[in-house]
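Here the structure is laid out as C-alpha cells; the discussion comes afterwards.
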Amino acid sequence: MQQMRHADTHTHKAYLTGFILALILTAIPFGLVWTGALSASATLIIIVIAAVIQVLVHMYYFLHLNFVSTPKENLLALAFAALLIFIMVGGSIWIMFDLHNRMMG
C-alpha cells in the first residue's frame with residue numbers, strides 16, 4: 001500500500017511539474033509578442049526554442065517517454081510526433097502563404 005501511495009504522489013508531482021513547465025513555455029512567447037520587447041527575428045527564435053522544449057516536456061512528463069524504456073517504442077513515438085508536427089506546421093505555413101498570395105496577388 002505504501003508503494004502505491006508513493007507512485008501516485010510521484011505521478012501527480014510529475015504531471016504538475018509538466019503542467020507548470022508547459023504554462024511557462026507558453027507564457028514566454030505570448031509575453032514577448034504582446035510586449036514587443038525584442039526584434040521580430042529574436043522573438044521568432046525564442047518561440048521556436050520554446051516550442052521544441054515544450055515538445056520535449058510533453059514527451060517526458062505526459063507521455064512518459066525516456067531512454068530507459070525500449071528504444072523501438074521511443075523511436076516509433078518520436079517519428080510519429082515528428083510526422084504530426086511536420087504536417088501541422090507545414091500545412092499551416094502552406095495555408096498562410098496561399099492566403100497571402102490570394103489576397104495580395
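How things are named: the first chain in the C-alpha cells is A, the next is B, and so on; residues count from 1 in each chain; ligands count from 1 in the order shown.
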Residues near Asn66 in chain A, cut-off 12 Å, only C-alpha atoms, skip fewer than 6 positions along chain, as number ranges by chain: A: 56-60, 72-75, 77-78
Distance criterion (only C-alpha atoms): nearest to Leu63 in chain A out of A:Leu23, A:Ile46, A:Ala81, A:Leu38: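 The closest residue to Leu63 in chain A is A:Ala81.
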Close residues, Pro29 in chain A itself excluded, 12 Å, only C-alpha atoms, min 4 positions apart in chain, as a list in words: Ala22, Leu23, Ile24, Leu25, Val33, Trp34, Thr35, Gly36, Ala37, Leu38, Ala40, Ala42, Thr43, Leu44, Ile45, Ile46, Ile47, Val48, Ile49, Ala50, Ala51 and Gln54 of chain A
Restricted to N, CA and C atoms, what would the selected residues look like written as a CSV table (one decimal), in the first residue's frame?
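The file below, selection.csv, is the result:
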chain,number,residue,atom,x,y,z
A,22,ALA,N,4.9,23.6,-19.0
A,22,ALA,CA,4.1,23.9,-20.2
A,22,ALA,C,3.5,25.3,-20.2
A,23,LEU,N,3.0,25.7,-19.0
A,23,LEU,CA,2.4,27.1,-18.9
A,23,LEU,C,3.5,28.1,-19.0
A,24,ILE,N,4.7,27.9,-18.4
A,24,ILE,CA,5.8,28.9,-18.5
A,24,ILE,C,6.2,29.0,-20.0
A,25,LEU,N,6.4,27.8,-20.6
A,25,LEU,CA,6.9,27.8,-22.0
A,25,LEU,C,5.9,28.3,-23.0
A,33,VAL,N,5.6,38.5,-27.6
A,33,VAL,CA,4.9,39.0,-28.8
A,33,VAL,C,4.0,40.2,-28.3
A,34,TRP,N,3.4,40.0,-27.2
A,34,TRP,CA,2.5,41.1,-26.7
A,34,TRP,C,3.2,42.4,-26.4
A,35,THR,N,4.3,42.2,-25.7
A,35,THR,CA,5.1,43.5,-25.3
A,35,THR,C,5.9,44.0,-26.5
A,36,GLY,N,6.3,43.2,-27.4
A,36,GLY,CA,7.2,43.6,-28.5
A,36,GLY,C,8.6,44.0,-27.9
A,37,ALA,N,9.0,43.3,-26.9
A,37,ALA,CA,10.3,43.7,-26.2
A,37,ALA,C,11.5,43.4,-27.1
A,38,LEU,N,11.4,42.4,-28.0
A,38,LEU,CA,12.6,42.1,-28.8
A,38,LEU,C,12.2,42.3,-30.3
A,40,ALA,N,11.7,41.2,-34.2
A,40,ALA,CA,10.9,40.1,-34.8
A,40,ALA,C,11.7,38.8,-34.9
A,42,ALA,N,14.4,37.9,-33.3
A,42,ALA,CA,14.8,37.3,-32.0
A,42,ALA,C,13.6,36.7,-31.3
A,43,THR,N,12.4,37.3,-31.5
A,43,THR,CA,11.2,36.7,-30.9
A,43,THR,C,10.9,35.4,-31.6
A,44,LEU,N,11.0,35.3,-32.9
A,44,LEU,CA,10.8,34.1,-33.6
A,44,LEU,C,11.7,33.0,-33.2
A,45,ILE,N,13.0,33.3,-32.9
A,45,ILE,CA,13.9,32.3,-32.5
A,45,ILE,C,13.5,31.8,-31.1
A,46,ILE,N,13.1,32.7,-30.2
A,46,ILE,CA,12.7,32.3,-28.9
A,46,ILE,C,11.4,31.4,-28.9
A,47,ILE,N,10.5,31.8,-29.8
A,47,ILE,CA,9.3,31.0,-30.0
A,47,ILE,C,9.6,29.6,-30.4
A,48,VAL,N,10.5,29.4,-31.4
A,48,VAL,CA,10.9,28.1,-31.9
A,48,VAL,C,11.6,27.3,-30.8
A,49,ILE,N,12.5,27.9,-30.1
A,49,ILE,CA,13.2,27.2,-29.0
A,49,ILE,C,12.2,26.8,-27.9
A,50,ALA,N,11.3,27.7,-27.5
A,50,ALA,CA,10.3,27.3,-26.5
A,50,ALA,C,9.4,26.2,-27.0
A,51,ALA,N,9.1,26.2,-28.3
A,51,ALA,CA,8.2,25.1,-28.8
A,51,ALA,C,8.9,23.8,-28.8
A,54,GLN,N,9.0,22.6,-25.3
A,54,GLN,CA,7.7,22.2,-24.8
A,54,GLN,C,7.4,20.8,-25.4
One-decimal distance in Å that lies between CA of Phe86 in chain A and CA of Leu21 in chain A: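 CA of Phe86 in chain A lies 23.3 Å from CA of Leu21 in chain A.
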Separation of CA of Tyr61 in chain A from CA of Ala14 in chain A in Å: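 If I compute the distance from CA of Ala14 in chain A to CA of Tyr61 in chain A, I get 6.0 Å.
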Which residue of A:Gly105, A:Phe62, A:Val89, A:Leu99 approaches Leu16 in chain A most closely, using only C-alpha atoms: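 Once distances to Leu16 in chain A are computed over only C-alpha atoms, the minimum belongs to A:Phe62.
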